[in-house]
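**Q** Handing you this structure, nothing more for now.
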Amino acid sequence: MKMNLDGYEQDIIYSTHAGFGPRLIAYLIDVLMIWCLKQIVIDPLFSLFNVTDDYMFAPIFSPANIAGALVYFLYFVLMTWFFRATLGKMIMGLKVVSYHHSSLSFFRVVVREVFGRYISNFFLNLLYLVVLFNPSKQSIHDMLSDTIVVKEQQERLRDRLTHQPSVSQNSSL
């Protein structure tokens, strides 16, 4: 059950949300990890099986581009689903949580990491700038999936401020 929060408490809650800078650094680390995965796994496999960079209809449909997109989206979906954070977020001390304290379902993770990132990437990643202007520091993919990226060390503070103590906790005081 949510409590009615005054402006001060709401400001404290927003301070637990990860801002643009740490999220940008985490994303750059993730892009570097994806590039490494592609260089270590995909490119050698393509060389081994003599897969050429031929394409159907348009260059975007080349085997290399399709494999790269699969690695990109699978990395974000699987890391967020299993760990609630990618390697970049782990290094930066961030994690993905539900905005309204419900569990992260696989569907919610797919919406966030596939559809939301696709929309952001379609607009040349400019939609990530929404974090700068949104008071709750949500990006487009967070809004689509009802999630938020929080500072891991401050997650318990956020949980305490947004949850009213239960009756059993009150009776033990």
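By convention here, the chains of the structure tokens are called A, B, ... in the order presented, each chain's residues are numbered starting at 1, and ligands are numbered starting at 1 in the order presented.
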Check the DSSP output for the backbone and give back, as a PyMOL selection string, the residues of region 85-146 of chain A in helix (DSSP H, G or I).
**A** chain A and resi 87-92+106-122+126-133+140-145
**Q** Which residues are near region 151-159 of chain A? Cut-off 8 Å, only C-alpha atoms, ignore same chain within fewer than 2 positions. Put them as a list in words.
**A** Ile12, Ile13, Thr16, His17, Ala18, Gly93, Leu94, Lys95, Val149, Leu161, Thr162 and His163 of chain A
**Q** Those same residues, written as an mmCIF file, in the first residue's frame with N, CA and C atoms?
**A**
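In the end it all went to result.cif:
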```cif
data_model
loop_
_atom_site.group_PDB
_atom_site.id
_atom_site.type_symbol
_atom_site.label_atom_id
_atom_site.label_comp_id
_atom_site.auth_asym_id
_atom_site.auth_seq_id
_atom_site.Cartn_x
_atom_site.Cartn_y
_atom_site.Cartn_z
ATOM 1 N N ILE A 12 13.215 12.765 -2.239
ATOM 2 C CA ILE A 12 14.139 11.720 -1.786
ATOM 3 C C ILE A 12 13.981 10.475 -2.651
ATOM 4 N N ILE A 13 12.739 10.117 -2.953
ATOM 5 C CA ILE A 13 12.503 8.951 -3.814
ATOM 6 C C ILE A 13 13.129 9.174 -5.185
ATOM 7 N N THR A 16 16.777 8.502 -5.577
ATOM 8 C CA THR A 16 17.228 7.111 -5.652
ATOM 9 C C THR A 16 17.231 6.605 -7.096
ATOM 10 N N HIS A 17 16.601 7.343 -7.998
ATOM 11 C CA HIS A 17 16.550 6.957 -9.407
ATOM 12 C C HIS A 17 17.848 7.362 -10.098
ATOM 13 N N ALA A 18 18.316 6.522 -10.988
ATOM 14 C CA ALA A 18 19.566 6.784 -11.702
ATOM 15 C C ALA A 18 19.339 7.852 -12.758
ATOM 16 N N GLY A 93 26.447 0.205 -10.526
ATOM 17 C CA GLY A 93 25.640 0.061 -9.313
ATOM 18 C C GLY A 93 24.178 0.407 -9.529
ATOM 19 N N LEU A 94 23.646 0.043 -10.687
ATOM 20 C CA LEU A 94 22.257 0.338 -11.031
ATOM 21 C C LEU A 94 21.492 -0.952 -11.243
ATOM 22 N N LYS A 95 20.172 -0.886 -11.130
ATOM 23 C CA LYS A 95 19.332 -2.044 -11.455
ATOM 24 C C LYS A 95 17.971 -1.571 -11.921
ATOM 25 N N VAL A 149 15.121 2.765 -13.423
ATOM 26 C CA VAL A 149 16.473 2.336 -13.082
ATOM 27 C C VAL A 149 16.843 3.059 -11.791
ATOM 28 N N LEU A 161 10.273 4.266 1.709
ATOM 29 C CA LEU A 161 9.477 5.482 1.563
ATOM 30 C C LEU A 161 8.192 5.253 0.772
ATOM 31 N N THR A 162 8.196 4.276 -0.119
ATOM 32 C CA THR A 162 7.022 4.061 -0.957
ATOM 33 C C THR A 162 6.095 2.977 -0.435
ATOM 34 N N HIS A 163 6.463 2.279 0.621
ATOM 35 C CA HIS A 163 5.605 1.259 1.211
ATOM 36 C C HIS A 163 5.229 1.657 2.631
#
```
**Q** Separation of CA of Asp30 (chain A) and CA of Trp81 (chain A), in Å?
**A**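 Computed distance, CA of Asp30 (chain A) to CA of Trp81 (chain A), equals 15.3 Å.
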**Q** What lies within 12 Å of Leu78 (chain A) using only C-alpha atoms, ignoring chain neighbours under 5 positions off, as number ranges by chain?
**A** A: 70-73, 83-87, 106-107, 109-110, 112-114
**Q** Applying 12 Å and only C-alpha atoms, which residues near region 52-55 of chain A remain after dropping the ones on its own chain fewer than 4 positions away? List them as a list in words.
**A**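 Here the answer would be Asp43, Leu45, Phe46, Ser47, Leu48, Pro59, Ile60, Phe61, Ser62, Pro63, Ala64, Asn65, Ile66 and Ala67 of chain A.
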**Q** Which of these, A:Arg160, A:Arg23, A:Lys38, A:His141, has the shortest distance to Arg108 (chain A) once you count only C-alpha atoms?
**A** A:His141
**Q** Run DSSP on the backbone and tell me which residues of chain A come out as strand (DSSP E or B); list them as a PyMOL selection string.
**A** chain A and resi 17+94-98+147-151
**Q** Return the single residue from A:Met92, A:Leu124, A:Leu144, A:Val111 that is closest to Pro22 (chain A), with distances computed using only C-alpha atoms.
**A**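 Checking each of A:Met92, A:Leu124, A:Leu144, A:Val111 against Pro22 (chain A), counting only C-alpha atoms, the winner is A:Met92.
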**Q** For each of A:Ile42, A:Ile34, A:Leu24, A:Met143, take the minimum atom-to-atom distance to Met79 (chain A), counting only C-alpha atoms, then give the residue where this is smallest.
**A** A:Ile34
**Q** Could you work out how far CA of Tyr99 (chain A) lies from CA of Ser139 (chain A), giving the answer in Å with one decimal?
**A**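 Rounded to one decimal, the two atoms are 12.2 Å apart.
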